[in-house]
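Listing of input.csv; format and content: CSV, C-alpha atoms.
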chain,number,residue,atom,x,y,z
A,1002,MET,CA,306.6,330.4,99.6
A,1003,THR,CA,303.5,328.1,99.4
A,1004,HIS,CA,303.5,324.6,98.2
A,1005,SER,CA,301.2,321.6,97.6
A,1006,HIS,CA,301.9,318.4,99.5
A,1007,SER,CA,300.1,315.0,99.4
A,1008,THR,CA,300.4,312.2,101.9
A,1009,THR,CA,298.3,309.3,103.3
A,1010,ALA,CA,297.5,310.9,106.6
A,1011,ILE,CA,297.7,314.4,108.1
A,1012,VAL,CA,297.4,315.1,111.8
A,1013,ILE,CA,296.4,318.6,112.9
A,1014,GLY,CA,298.0,319.4,116.2
A,1015,ALA,CA,301.3,318.2,117.8
A,1016,GLY,CA,299.9,317.9,121.3
A,1017,LEU,CA,299.9,314.6,123.2
A,1018,SER,CA,296.9,313.2,121.2
A,1019,GLY,CA,298.4,314.2,117.8
A,1020,LEU,CA,301.8,312.8,118.6
A,1021,ALA,CA,300.3,309.5,119.9
A,1022,ALA,CA,298.2,309.2,116.7
A,1023,ALA,CA,301.2,309.9,114.5
A,1024,THR,CA,303.3,307.3,116.3
A,1025,GLU,CA,300.7,304.6,115.9
A,1026,LEU,CA,300.3,305.4,112.2
A,1027,ARG,CA,304.1,305.4,111.6
A,1028,ASP,CA,304.4,302.1,113.4
A,1029,ARG,CA,302.0,300.7,110.8
A,1030,LYS,CA,304.1,302.1,107.9
A,1031,ILE,CA,301.5,304.7,107.1
A,1032,PRO,CA,303.0,308.0,105.9
A,1033,VAL,CA,302.0,310.9,108.1
A,1034,THR,CA,302.5,314.7,108.4
A,1035,ILE,CA,301.8,316.7,111.5
A,1036,LEU,CA,300.7,320.3,111.2
A,1037,GLU,CA,301.4,322.4,114.3
A,1038,ALA,CA,300.5,326.1,114.5
A,1039,SER,CA,303.1,326.8,117.2
A,1040,ASP,CA,306.8,326.9,116.7
A,1041,ARG,CA,307.3,324.0,119.3
A,1042,VAL,CA,305.5,321.2,121.0
A,1043,ALA,CA,303.8,321.5,124.4
A,1044,ASP,CA,303.3,325.3,124.0
A,1045,PRO,CA,300.0,325.3,125.9
A,1046,TRP,CA,301.7,323.5,128.8
A,1047,ARG,CA,304.6,326.0,128.8
A,1048,ALA,CA,302.1,328.8,129.2
A,1049,ARG,CA,300.6,327.5,132.4
A,1050,HIS,CA,301.8,328.5,135.8
A,1051,PRO,CA,305.0,326.7,137.0
A,1052,LYS,CA,303.4,325.0,140.0
A,1053,LEU,CA,300.7,323.3,137.9
A,1054,ARG,CA,300.5,319.5,138.5
A,1055,LEU,CA,298.5,316.9,136.7
A,1056,ASN,CA,295.6,315.3,138.5
A,1057,ILE,CA,296.5,312.0,136.9
A,1058,HIS,CA,299.0,309.4,138.4
A,1059,ARG,CA,302.2,309.2,136.5
A,1060,HIS,CA,301.4,305.5,135.8
A,1061,PHE,CA,298.7,306.7,133.5
A,1062,ALA,CA,300.9,309.4,131.9
A,1063,ARG,CA,302.6,307.3,129.3
A,1064,LEU,CA,302.2,307.6,125.6
A,1065,PRO,CA,302.3,304.7,123.0
A,1066,GLY,CA,305.7,303.3,122.3
A,1067,HIS,CA,307.4,305.4,125.1
A,1068,HIS,CA,308.4,304.8,128.7
A,1069,GLU,CA,306.6,306.0,131.7
A,1070,PRO,CA,307.7,309.5,132.9
A,1071,ARG,CA,310.8,309.2,135.0
A,1072,HIS,CA,309.8,312.0,137.4
A,1073,PRO,CA,309.8,310.7,141.0
A,1074,GLY,CA,306.6,312.6,141.9
A,1075,THR,CA,303.2,310.9,141.9
A,1076,TYR,CA,301.5,313.7,140.0
A,1077,LEU,CA,303.7,315.3,137.3
A,1078,PRO,CA,304.5,319.0,137.5
A,1079,ARG,CA,304.2,321.2,134.4
A,1080,ASP,CA,307.9,321.1,133.5
A,1081,ALA,CA,308.0,317.3,133.6
A,1082,VAL,CA,305.0,317.2,131.2
A,1083,VAL,CA,306.8,319.6,128.9
A,1084,ASP,CA,310.0,317.5,129.0
A,1085,TYR,CA,308.2,314.3,128.4
A,1086,LEU,CA,306.3,315.6,125.4
A,1087,SER,CA,309.4,317.2,123.9
A,1088,GLU,CA,311.3,313.9,124.2
A,1089,TYR,CA,308.4,312.0,122.7
A,1090,ALA,CA,308.1,314.5,119.8
A,1091,ALA,CA,311.9,314.1,119.0
A,1092,GLY,CA,311.2,310.8,117.4
A,1093,LEU,CA,308.7,312.4,115.0
A,1094,ALA,CA,310.6,315.6,114.3
A,1095,SER,CA,310.9,314.9,110.6
A,1096,ASP,CA,307.1,314.6,110.3
A,1097,ILE,CA,306.2,317.8,112.1
A,1098,GLN,CA,305.6,321.0,110.2
A,1099,PHE,CA,305.7,323.9,112.7
A,1100,GLU,CA,304.2,327.3,112.4
A,1101,THR,CA,301.6,325.8,110.0
A,1102,CYS,CA,298.1,327.2,110.7
A,1103,VAL,CA,295.1,325.3,109.2
A,1104,GLN,CA,292.8,327.8,107.6
A,1105,SER,CA,290.3,325.6,105.7
A,1106,VAL,CA,289.2,322.0,105.3
A,1107,HIS,CA,287.4,320.6,102.2
A,1108,ARG,CA,286.2,317.2,101.3
A,1109,LEU,CA,287.5,315.7,98.1
A,1110,VAL,CA,286.6,312.5,96.3
A,1111,GLY,CA,288.4,309.9,98.3
A,1112,GLY,CA,290.2,312.3,100.6
A,1113,TRP,CA,290.6,315.8,102.1
A,1114,GLN,CA,292.2,319.1,101.2
A,1115,VAL,CA,293.7,321.2,104.0
A,1116,GLY,CA,294.5,324.9,103.3
A,1117,THR,CA,297.2,326.4,105.5
A,1118,ASN,CA,299.4,329.6,105.6
A,1119,LYS,CA,302.1,327.5,104.0
A,1120,GLY,CA,300.2,325.9,101.2
A,1121,THR,CA,297.8,323.2,100.4
A,1122,TYR,CA,297.9,319.6,101.7
A,1123,THR,CA,295.9,316.7,100.5
A,1124,CYS,CA,295.4,313.4,102.2
A,1125,ALA,CA,293.2,310.3,102.4
A,1126,HIS,CA,292.9,310.5,106.2
A,1127,LEU,CA,292.7,313.7,108.2
A,1128,ILE,CA,293.2,313.3,112.0
A,1129,VAL,CA,292.1,316.3,114.1
A,1130,ALA,CA,294.0,316.5,117.5
A,1131,THR,CA,293.6,320.2,118.5
A,1132,GLY,CA,292.3,319.4,122.0
A,1133,ARG,CA,289.2,319.7,124.1
A,1134,GLU,CA,290.6,322.8,125.8
A,1135,LYS,CA,291.7,324.8,122.9
A,1136,GLU,CA,289.8,328.1,123.6
A,1137,PRO,CA,289.1,329.4,127.2
A,1138,ASP,CA,285.3,330.0,127.6
A,1139,MET,CA,284.9,333.4,129.1
A,1140,PRO,CA,281.3,334.5,130.1
A,1141,ILE,CA,280.0,337.9,129.1
A,1142,TRP,CA,278.5,339.6,132.2
A,1143,PRO,CA,276.7,342.9,132.2
A,1144,GLY,CA,279.1,345.7,133.2
A,1145,LEU,CA,282.2,343.6,132.8
A,1146,ASP,CA,283.9,346.2,130.6
A,1147,GLU,CA,283.5,348.8,133.4
A,1148,PHE,CA,285.1,346.7,136.1
A,1149,GLY,CA,288.2,348.2,137.5
A,1150,GLY,CA,289.8,344.9,138.8
A,1151,LYS,CA,291.6,342.2,136.9
A,1152,VAL,CA,289.6,339.4,135.2
A,1153,ILE,CA,291.4,336.3,133.9
A,1154,HIS,CA,290.5,332.8,132.8
A,1155,ALA,CA,291.8,329.9,134.9
A,1156,ALA,CA,294.1,329.0,132.0
A,1157,ASP,CA,296.0,332.2,132.7
A,1158,PHE,CA,296.4,331.6,136.5
A,1159,GLU,CA,299.7,332.9,137.6
A,1160,GLU,CA,302.2,332.0,140.3
A,1161,PRO,CA,300.1,331.5,143.4
A,1162,SER,CA,302.1,333.8,145.5
A,1163,SER,CA,301.2,336.7,143.1
A,1164,TYR,CA,297.7,336.7,144.8
A,1165,ASP,CA,299.1,337.2,148.3
A,1166,GLY,CA,297.3,340.0,150.0
A,1167,LYS,CA,294.6,340.3,147.3
A,1168,LYS,CA,290.9,339.6,147.4
A,1169,VAL,CA,290.1,336.9,144.9
A,1170,LEU,CA,286.8,335.7,143.4
A,1171,VAL,CA,287.0,332.3,141.8
A,1172,VAL,CA,284.0,331.6,139.5
A,1173,GLY,CA,283.4,327.9,139.3
A,1174,ALA,CA,284.6,325.0,141.5
A,1175,GLY,CA,284.9,322.2,138.9
A,1176,ASN,CA,288.2,320.5,137.9
A,1177,SER,CA,290.0,323.7,136.9
A,1178,GLY,CA,288.4,325.8,139.7
A,1179,SER,CA,289.4,323.3,142.3
A,1180,ASP,CA,292.9,323.3,141.0
A,1181,VAL,CA,293.1,327.1,141.3
A,1182,LEU,CA,291.6,326.8,144.8
A,1183,ASN,CA,294.1,324.1,145.8
A,1184,HIS,CA,297.0,326.4,144.9
A,1185,LEU,CA,295.4,329.5,146.6
A,1186,SER,CA,295.0,327.4,149.8
A,1187,ARG,CA,298.8,327.3,150.0
A,1188,ALA,CA,299.2,331.0,149.3
A,1189,ASN,CA,298.2,334.0,151.4
A,1190,PRO,CA,295.3,335.9,149.7
A,1191,ALA,CA,293.5,338.4,151.8
A,1192,GLN,CA,290.1,336.9,150.9
A,1193,VAL,CA,288.8,334.1,148.6
A,1194,TRP,CA,285.2,333.9,147.5
A,1195,ILE,CA,284.0,330.9,145.4
A,1196,SER,CA,281.0,331.7,143.1
A,1197,VAL,CA,279.2,328.5,142.3
A,1198,ARG,CA,275.9,327.6,140.6
A,1199,ASN,CA,276.4,323.8,141.1
A,1200,GLY,CA,278.9,322.2,143.4
A,1201,PRO,CA,281.6,319.8,142.0
A,1202,SER,CA,282.0,316.1,142.5
A,1203,ILE,CA,285.2,316.3,144.6
A,1204,LEU,CA,287.5,313.4,145.7
A,1205,PRO,CA,290.6,313.3,147.9
A,1206,THR,CA,294.0,313.2,146.2
A,1207,ARG,CA,294.9,310.3,148.5
A,1208,ILE,CA,292.9,307.8,150.6
A,1209,PHE,CA,294.9,306.5,153.6
A,1210,GLY,CA,298.0,307.6,151.8
A,1211,TYR,CA,297.2,305.8,148.6
A,1212,PRO,CA,296.9,308.0,145.5
A,1213,MET,CA,293.3,308.2,144.5
A,1214,HIS,CA,293.9,308.3,140.7
A,1215,ARG,CA,295.8,305.0,141.0
A,1216,MET,CA,292.4,303.5,141.4
A,1217,ALA,CA,291.1,304.8,138.0
A,1218,ARG,CA,290.9,301.3,136.5
A,1219,LEU,CA,288.5,300.4,139.3
A,1220,PHE,CA,286.2,303.3,138.4
A,1221,SER,CA,286.4,302.5,134.7
A,1222,ARG,CA,285.3,298.9,135.4
A,1223,THR,CA,282.5,299.9,137.8
A,1224,PRO,CA,279.0,299.6,136.3
A,1225,LYS,CA,277.6,303.0,135.3
A,1226,TRP,CA,274.6,302.7,137.6
A,1227,ALA,CA,277.0,302.3,140.6
A,1228,LEU,CA,279.4,305.2,139.8
A,1229,ASP,CA,277.3,308.1,141.1
A,1230,PRO,CA,276.6,306.6,144.5
A,1231,LEU,CA,280.2,305.3,144.8
A,1232,MET,CA,281.6,308.8,144.2
A,1233,ALA,CA,279.1,310.5,146.4
A,1234,GLY,CA,279.9,308.0,149.2
A,1235,MET,CA,283.6,308.6,148.9
A,1236,GLN,CA,283.1,312.4,149.0
A,1237,TRP,CA,281.0,312.1,152.1
A,1238,MET,CA,283.3,309.7,153.8
A,1239,ASN,CA,286.3,312.0,153.3
A,1240,PHE,CA,284.8,315.4,153.6
A,1241,GLY,CA,281.5,315.0,155.3
A,1242,ASN,CA,278.5,317.2,154.4
A,1243,LEU,CA,280.1,320.1,152.4
A,1244,ARG,CA,276.7,321.8,152.1
A,1245,ARG,CA,277.2,322.8,155.7
A,1246,HIS,CA,280.1,325.0,154.4
A,1247,GLY,CA,278.0,326.4,151.6
A,1248,LEU,CA,279.1,324.1,148.8
A,1249,PRO,CA,276.0,322.7,147.1
A,1250,ARG,CA,275.7,319.3,145.5
A,1251,HIS,CA,275.4,319.0,141.7
A,1252,ARG,CA,272.2,317.6,140.4
A,1253,LYS,CA,274.2,315.0,138.5
A,1254,GLY,CA,276.6,312.6,140.0
A,1255,GLY,CA,280.3,312.5,139.3
A,1256,GLY,CA,280.2,309.4,137.1
A,1257,SER,CA,277.3,310.7,135.0
A,1258,ARG,CA,279.0,314.0,134.5
A,1259,LEU,CA,282.2,312.3,133.3
A,1260,ILE,CA,280.4,309.9,130.9
A,1261,ASN,CA,277.8,312.2,129.6
A,1262,ASP,CA,279.3,315.7,129.8
A,1263,GLY,CA,283.1,314.9,129.8
A,1264,VAL,CA,283.5,316.7,133.1
A,1265,THR,CA,286.1,314.9,135.3
A,1266,PRO,CA,285.8,314.9,139.1
A,1267,ALA,CA,287.9,317.4,141.0
A,1268,LEU,CA,290.7,316.3,143.3
A,1269,ASP,CA,291.1,318.1,146.6
A,1270,ASP,CA,294.6,319.2,147.7
A,1271,GLY,CA,293.9,321.8,150.3
A,1272,PHE,CA,290.8,323.4,149.0
A,1273,VAL,CA,288.3,321.7,151.3
A,1274,LYS,CA,290.4,322.3,154.4
A,1275,ALA,CA,290.6,326.0,153.6
A,1276,LEU,CA,286.8,326.0,153.1
A,1277,LYS,CA,286.2,324.4,156.5
A,1278,MET,CA,288.6,326.7,158.3
A,1279,GLY,CA,286.7,329.7,156.9
A,1280,ARG,CA,289.6,330.9,154.8
A,1281,PHE,CA,287.4,330.4,151.7
A,1282,GLU,CA,283.8,331.5,151.5
A,1283,VAL,CA,281.2,330.1,149.0
A,1284,VAL,CA,278.9,332.8,147.6
A,1285,GLY,CA,276.1,332.8,145.0
A,1286,GLN,CA,276.3,332.9,141.2
A,1287,ALA,CA,277.9,336.0,139.7
A,1288,VAL,CA,275.4,337.9,137.5
A,1289,GLY,CA,276.9,341.3,136.9
A,1290,PHE,CA,279.8,343.7,137.4
A,1291,SER,CA,280.1,347.4,138.4
A,1292,PRO,CA,283.3,349.4,138.4
A,1293,TYR,CA,284.2,348.2,141.9
A,1294,THR,CA,282.0,345.2,142.7
A,1295,VAL,CA,280.6,341.9,141.4
A,1296,GLU,CA,276.9,341.4,141.9
A,1297,LEU,CA,275.6,337.9,143.0
A,1298,ALA,CA,272.3,336.2,142.2
A,1299,ASP,CA,271.1,336.7,145.8
A,1300,GLY,CA,271.6,340.4,145.6
A,1301,HIS,CA,274.9,340.5,147.7
A,1302,LYS,CA,278.0,342.1,146.3
A,1303,VAL,CA,281.7,341.4,146.7
A,1304,ASP,CA,284.7,343.6,145.8
A,1305,PRO,CA,287.5,341.4,144.5
A,1306,ASP,CA,290.8,342.7,143.2
A,1307,VAL,CA,291.0,339.7,140.9
A,1308,VAL,CA,288.3,337.5,139.3
A,1309,ILE,CA,289.5,334.1,138.1
A,1310,CYS,CA,287.0,332.4,135.7
A,1311,ALA,CA,287.1,328.7,136.0
A,1312,THR,CA,284.3,328.5,133.4
A,1313,GLY,CA,285.6,325.8,131.0
A,1314,TYR,CA,286.8,325.7,127.5
A,1315,GLN,CA,285.5,325.3,123.9
A,1316,THR,CA,287.0,323.2,121.2
A,1317,GLY,CA,287.1,325.9,118.5
A,1318,LEU,CA,286.2,323.4,115.8
A,1319,GLU,CA,283.1,325.0,114.4
A,1320,ASP,CA,284.8,327.2,111.8
A,1321,LEU,CA,286.7,324.3,110.2
A,1322,PHE,CA,284.3,321.4,110.7
A,1323,GLY,CA,280.9,322.7,111.5
A,1324,HIS,CA,279.7,322.4,107.9
A,1325,LEU,CA,280.5,318.6,107.8
A,1326,GLY,CA,277.9,317.5,110.4
A,1327,ALA,CA,280.7,316.0,112.5
A,1328,LEU,CA,280.0,318.0,115.7
A,1329,ASP,CA,277.3,318.1,118.3
A,1330,LYS,CA,275.5,321.2,119.5
A,1331,ARG,CA,278.2,322.1,121.9
A,1332,GLY,CA,280.9,321.9,119.2
A,1333,TYR,CA,282.4,318.5,120.3
A,1334,PRO,CA,283.0,315.7,117.8
A,1335,LEU,CA,280.3,313.1,117.6
A,1336,CYS,CA,283.0,310.5,117.2
A,1337,PRO,CA,285.5,312.0,119.7
A,1338,ALA,CA,288.0,309.2,120.3
A,1339,GLY,CA,289.2,307.7,117.1
A,1340,GLN,CA,285.9,306.1,116.1
A,1341,LYS,CA,285.0,305.8,112.4
A,1342,ASP,CA,282.6,308.5,111.2
A,1343,ASN,CA,280.5,307.0,108.5
A,1344,ARG,CA,279.2,310.4,107.4
A,1345,ASN,CA,282.8,311.7,106.8
A,1346,PRO,CA,285.0,308.8,105.6
A,1347,GLY,CA,288.6,309.6,106.3
A,1348,LEU,CA,288.0,312.2,109.0
A,1349,TRP,CA,289.1,311.2,112.5
A,1350,PHE,CA,289.0,313.1,115.8
A,1351,THR,CA,291.3,312.2,118.7
A,1352,GLY,CA,291.8,313.7,122.2
A,1353,PHE,CA,288.2,314.8,122.6
A,1354,GLY,CA,287.0,311.8,124.7
A,1355,VAL,CA,287.6,311.4,128.4
A,1356,SER,CA,288.3,308.5,130.6
A,1357,PHE,CA,288.9,307.9,134.3
A,1358,GLU,CA,292.5,307.0,133.6
A,1359,GLY,CA,293.1,310.5,132.2
A,1360,PHE,CA,293.9,312.2,128.9
A,1361,PHE,CA,297.3,310.5,128.3
A,1362,TYR,CA,295.7,307.1,128.5
A,1363,ALA,CA,292.7,308.2,126.4
A,1364,ALA,CA,295.1,309.5,123.8
A,1365,GLY,CA,296.8,306.1,123.5
A,1366,VAL,CA,293.5,304.2,123.2
A,1367,SER,CA,292.2,306.6,120.6
A,1368,ALA,CA,295.4,306.5,118.6
A,1369,THR,CA,295.5,302.8,118.5
A,1370,ARG,CA,291.8,302.6,117.5
A,1371,LEU,CA,292.1,305.0,114.6
A,1372,ALA,CA,295.5,303.7,113.3
A,1373,THR,CA,294.2,300.1,113.3
A,1374,SER,CA,291.1,301.2,111.3
A,1375,ILE,CA,293.2,303.2,108.8
A,1376,SER,CA,295.6,300.3,108.4
A,1377,ALA,CA,292.8,297.9,107.8
A,1378,GLN,CA,291.2,300.2,105.2
A,1379,ASN,CA,294.6,300.6,103.4
A,1380,SER,CA,295.1,296.9,103.3
A,1381,GLN,CA,291.6,296.3,101.9
A,1382,LEU,CA,292.2,299.0,99.3
A,1383,SER,CA,295.5,297.5,98.3
A,1384,ASN,CA,294.0,294.1,97.9
A,1385,GLU,CA,291.2,295.6,95.7
A,1386,ARG,CA,293.8,297.3,93.6
A,1387,ARG,CA,295.8,294.2,93.2
A,1388,THR,CA,292.8,292.2,92.2
A,1389,THR,CA,291.8,294.9,89.6
A,1390,ARG,CA,295.3,295.0,88.2
A,1391,ALA,CA,295.5,291.3,87.9
A,1392,ALA,CA,292.2,291.2,86.1
A,1393,GLN,CA,293.4,293.9,83.6
A,1394,LEU,CA,296.7,292.0,82.9
A,1395,ASP,CA,295.1,288.6,82.5
A,1396,PRO,CA,291.5,289.1,81.0
A,1397,PRO,CA,289.3,286.0,80.9
A,1398,GLN,CA,289.6,284.0,77.7
A,1399,SER,CA,286.6,283.9,75.4
A,1400,LEU,CA,284.9,280.5,75.1
A,1401,THR,CA,284.6,278.9,71.6
A,1402,LEU,CA,281.7,276.4,71.1
A,1403,LYS,CA,282.8,273.5,69.0
A,1404,GLY,CA,280.5,271.1,67.2
A,1405,THR,CA,277.6,271.2,64.8
A,1406,LEU,CA,273.9,271.5,65.4
A,1407,GLN,CA,272.1,268.2,64.7
Translate the structure described by the file into structure tokens.
Amino acid sequence: MTHSHSTTAIVIGAGLSGLAAATELRDRKIPVTILEASDRVADPWRARHPKLRLNIHRHFARLPGHHEPRHPGTYLPRDAVVDYLSEYAAGLASDIQFETCVQSVHRLVGGWQVGTNKGTYTCAHLIVATGREKEPDMPIWPGLDEFGGKVIHAADFEEPSSYDGKKVLVVGAGNSGSDVLNHLSRANPAQVWISVRNGPSILPTRIFGYPMHRMARLFSRTPKWALDPLMAGMQWMNFGNLRRHGLPRHRKGGGSRLINDGVTPALDDGFVKALKMGRFEVVGQAVGFSPYTVELADGHKVDPDVVICATGYQTGLEDLFGHLGALDKRGYPLCPAGQKDNRNPGLWFTGFGVSFEGFFYAAGVSATRLATSISAQNSQLSNERRTTRAAQLDPPQSLTLKGTLQ
């Protein structure tokens, strides 16, 4: 049964950014409805392999109005993230509409119309919180359909021990690629090749026993011009010249890639040691497939049993929002972190920006920013309505001129 529903604010997505935005809105007495396509919160997290750990310190893994995660570990495992988000969402349960898929978005005079599989919603403010990593980006190589091995995206990485005894090719060594390689370093694959075009900016998980990510505030306060040499120096100090082991340097520095491209530095947790010991081998860029091999840019071939594509993600926003001029050429929002979009009043994006502190922290900052702006707009609108109503109830008296002309 379909229905029509109207409210002040609608949030698309009950992930951490959507939940944070809804919390900040509700704290300001702004009615909000959350539309979630899945039948539960944290579904993308539940789908990841059980040994996944965040690359952010638990100190920065707190959402607005809630306590810091109580897990004793420095870096939260998958199940701790699921538990935290489930607990956080419990306070918003009455506002979440599960199994509600957004199918269309249209601008109205003074608001937005959202078409779903369960009816139509209208609102003054539409908050999009579907995530930077909504859709895995899988390359299309020549001959891929003929390949007899297994090809998966890093998002579908399985229990690390399932790769024991297998020959594995990891395409990409950025944040997600390094995470895969960290896990493989603690497993027993027969062979691991790393296909890279550009090397990552990679930092240690700890420096002298101190968690690297606990220093995120220091990085965020460092002048932009100093970030690239700072990260390059820390990489060199901890790992030496990785080009000697086949891992090239990226033409951009780690700070520039984060600020300009949204690519966070990778954290090492066993990957570099395996590389230096010869357990992992860096090879050229993958350019094509045959039934039994993968061809590399330098003409060499490898014969993996499994290919893991750590090739990034797409936002999947074009179909719903591409016609509004709200996205850049890569499909990312032009106003990614709760900023006001003057071209689309009442349309807000949250969870698409990045920060050194990590995505939990960024979600809180973005939620506070957009909720404060919406609250201010609502207050201004209410004041204007009161002024108009008062003028209608008490019109100005006409003036009567008394006296006679001389």
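Of the listed residues (A:Val1171, A:Ala1022, A:Ala1188, A:Leu1248), A:Ala1022 comes nearest to Ser1367 (chain A); the distances count all atoms listed in the file.
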Test item: residues at most 7 Å from region 1285-1287 of chain A, all atoms listed in the file, excluding those fewer than 4 positions along its chain, as an NGL selection string | :A and (1196-1198 or 1295-1299)
Nearest to Gly1066 (chain A) by atom-to-atom distance, counting only C-alpha atoms, from A:Ile1031, A:Val1115, A:Ala1368, A:Cys1336 | A:Ala1368
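For the pair CA of Asp1304 (chain A) and CA of Arg1245 (chain A), the interatomic distance is 24.2 Å.
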Residues at most 12 Å from Gly1178 (chain A), counting only C-alpha atoms, excluding those fewer than 4 positions away in the same chain, as an MDAnalysis selection string?
-> chainID A and resid 1154:1156 1158 1170:1174 1182:1185 1194:1197 1200:1203 1265:1269 1272 1308:1313
Around the point (295.7, 314.7, 107.4) (coordinates from the file), which residues reach within 12 Å if we count all atoms listed in the file? Answer as a PDB file with C-alpha atoms, in the frame of the given file.
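Final output, out35.pdb:
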ATOM      1  CA  HIS A1006     301.900 318.400  99.500  1.00  0.00           C
ATOM      2  CA  SER A1007     300.100 315.000  99.400  1.00  0.00           C
ATOM      3  CA  THR A1008     300.400 312.200 101.900  1.00  0.00           C
ATOM      4  CA  THR A1009     298.300 309.300 103.300  1.00  0.00           C
ATOM      5  CA  ALA A1010     297.500 310.900 106.600  1.00  0.00           C
ATOM      6  CA  ILE A1011     297.700 314.400 108.100  1.00  0.00           C
ATOM      7  CA  VAL A1012     297.400 315.100 111.800  1.00  0.00           C
ATOM      8  CA  ILE A1013     296.400 318.600 112.900  1.00  0.00           C
ATOM      9  CA  GLY A1014     298.000 319.400 116.200  1.00  0.00           C
ATOM     10  CA  GLY A1019     298.400 314.200 117.800  1.00  0.00           C
ATOM     11  CA  ALA A1022     298.200 309.200 116.700  1.00  0.00           C
ATOM     12  CA  ALA A1023     301.200 309.900 114.500  1.00  0.00           C
ATOM     13  CA  LEU A1026     300.300 305.400 112.200  1.00  0.00           C
ATOM     14  CA  ILE A1031     301.500 304.700 107.100  1.00  0.00           C
ATOM     15  CA  PRO A1032     303.000 308.000 105.900  1.00  0.00           C
ATOM     16  CA  VAL A1033     302.000 310.900 108.100  1.00  0.00           C
ATOM     17  CA  THR A1034     302.500 314.700 108.400  1.00  0.00           C
ATOM     18  CA  ILE A1035     301.800 316.700 111.500  1.00  0.00           C
ATOM     19  CA  LEU A1036     300.700 320.300 111.200  1.00  0.00           C
ATOM     20  CA  GLU A1037     301.400 322.400 114.300  1.00  0.00           C
ATOM     21  CA  ASP A1096     307.100 314.600 110.300  1.00  0.00           C
ATOM     22  CA  ILE A1097     306.200 317.800 112.100  1.00  0.00           C
ATOM     23  CA  VAL A1103     295.100 325.300 109.200  1.00  0.00           C
ATOM     24  CA  VAL A1106     289.200 322.000 105.300  1.00  0.00           C
ATOM     25  CA  HIS A1107     287.400 320.600 102.200  1.00  0.00           C
ATOM     26  CA  ARG A1108     286.200 317.200 101.300  1.00  0.00           C
ATOM     27  CA  GLY A1112     290.200 312.300 100.600  1.00  0.00           C
ATOM     28  CA  TRP A1113     290.600 315.800 102.100  1.00  0.00           C
ATOM     29  CA  GLN A1114     292.200 319.100 101.200  1.00  0.00           C
ATOM     30  CA  VAL A1115     293.700 321.200 104.000  1.00  0.00           C
ATOM     31  CA  GLY A1116     294.500 324.900 103.300  1.00  0.00           C
ATOM     32  CA  THR A1117     297.200 326.400 105.500  1.00  0.00           C
ATOM     33  CA  THR A1121     297.800 323.200 100.400  1.00  0.00           C
ATOM     34  CA  TYR A1122     297.900 319.600 101.700  1.00  0.00           C
ATOM     35  CA  THR A1123     295.900 316.700 100.500  1.00  0.00           C
ATOM     36  CA  CYS A1124     295.400 313.400 102.200  1.00  0.00           C
ATOM     37  CA  ALA A1125     293.200 310.300 102.400  1.00  0.00           C
ATOM     38  CA  HIS A1126     292.900 310.500 106.200  1.00  0.00           C
ATOM     39  CA  LEU A1127     292.700 313.700 108.200  1.00  0.00           C
ATOM     40  CA  ILE A1128     293.200 313.300 112.000  1.00  0.00           C
ATOM     41  CA  VAL A1129     292.100 316.300 114.100  1.00  0.00           C
ATOM     42  CA  ALA A1130     294.000 316.500 117.500  1.00  0.00           C
ATOM     43  CA  GLY A1347     288.600 309.600 106.300  1.00  0.00           C
ATOM     44  CA  LEU A1348     288.000 312.200 109.000  1.00  0.00           C
ATOM     45  CA  TRP A1349     289.100 311.200 112.500  1.00  0.00           C
ATOM     46  CA  PHE A1350     289.000 313.100 115.800  1.00  0.00           C
ATOM     47  CA  ILE A1375     293.200 303.200 108.800  1.00  0.00           C
TER      48      ILE A1375
END
Residue contacts of Val1169 (chain A) (7 Å, all atoms listed in the file) excluding same-chain residues fewer than 4 positions away, as a list of chain:residue names | A:Gln1192, A:Val1193, A:Trp1194, A:Pro1305, A:Asp1306, A:Val1307, A:Val1308
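Each of A:Ser1179, A:Ser1095, A:Thr1351, A:Thr1131 was compared to Asp1270 (chain A) using all atoms listed in the file, and A:Ser1179 turns out to be the nearest.
For the pair CA of Ala1338 (chain A) and CA of Thr1369 (chain A), the separation is 10.0 Å.
Rounded to one decimal, CA of Val1264 (chain A) and CA of Val1082 (chain A) lie 21.6 Å from each other.
With only C-alpha atoms as the atoms that count, the minimum distance from Ser1186 (chain A) to the choices A:Pro1140, A:Gly1016, A:Pro1161, A:Gly1166 is reached by A:Pro1161.
With all atoms listed in the file as the basis for measurement, A:Arg1133 is the residue among A:Arg1133, A:Arg1218, A:Arg1071, A:Lys1341 that approaches Ala1364 (chain A) most closely.
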From the set A:Tyr1211, A:Tyr1089, A:Tyr1076, A:Phe1099, which residue has the shortest atom-to-atom contact distance to Ala1021 (chain A), counting all atoms listed in the file?
-> A:Tyr1089
Could you give me, as a CSV table (one decimal) with C-alpha atoms, in the coordinates of the input, the residues within 10 Å of Asp1084 (chain A), counting all atoms listed in the file and dropping anything in the same chain fewer than 6 positions from it?
chain,number,residue,atom,x,y,z
A,1042,VAL,CA,305.5,321.2,121.0
A,1043,ALA,CA,303.8,321.5,124.4
A,1070,PRO,CA,307.7,309.5,132.9
A,1090,ALA,CA,308.1,314.5,119.8
Selection: 7 Å around Arg1079 (chain A), all atoms listed in the file, excl. self and same-chain fewer than 3 positions, as a ChimeraX atom specification = /A:1046,1051-1054,1082-1083
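Residues lying within 6 Å of (288.0, 323.7, 109.6). Counted over all atoms listed in the file, they are Ser1105, Val1106, Asp1320, Leu1321 and Phe1322 of chain A.
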Render region 1185-1189 of chain A from the structure in the preceding block as a file of C-alpha atoms, as a CSV table (one decimal), in the first residue's frame.
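And here is the file that came out, part-v2.csv:
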chain,number,residue,atom,x,y,z
A,1185,LEU,CA,46.8,-11.5,3.7
A,1186,SER,CA,50.1,-10.9,5.4
A,1187,ARG,CA,48.7,-12.8,8.4
A,1188,ALA,CA,47.3,-15.7,6.3
A,1189,ASN,CA,49.1,-18.2,4.2
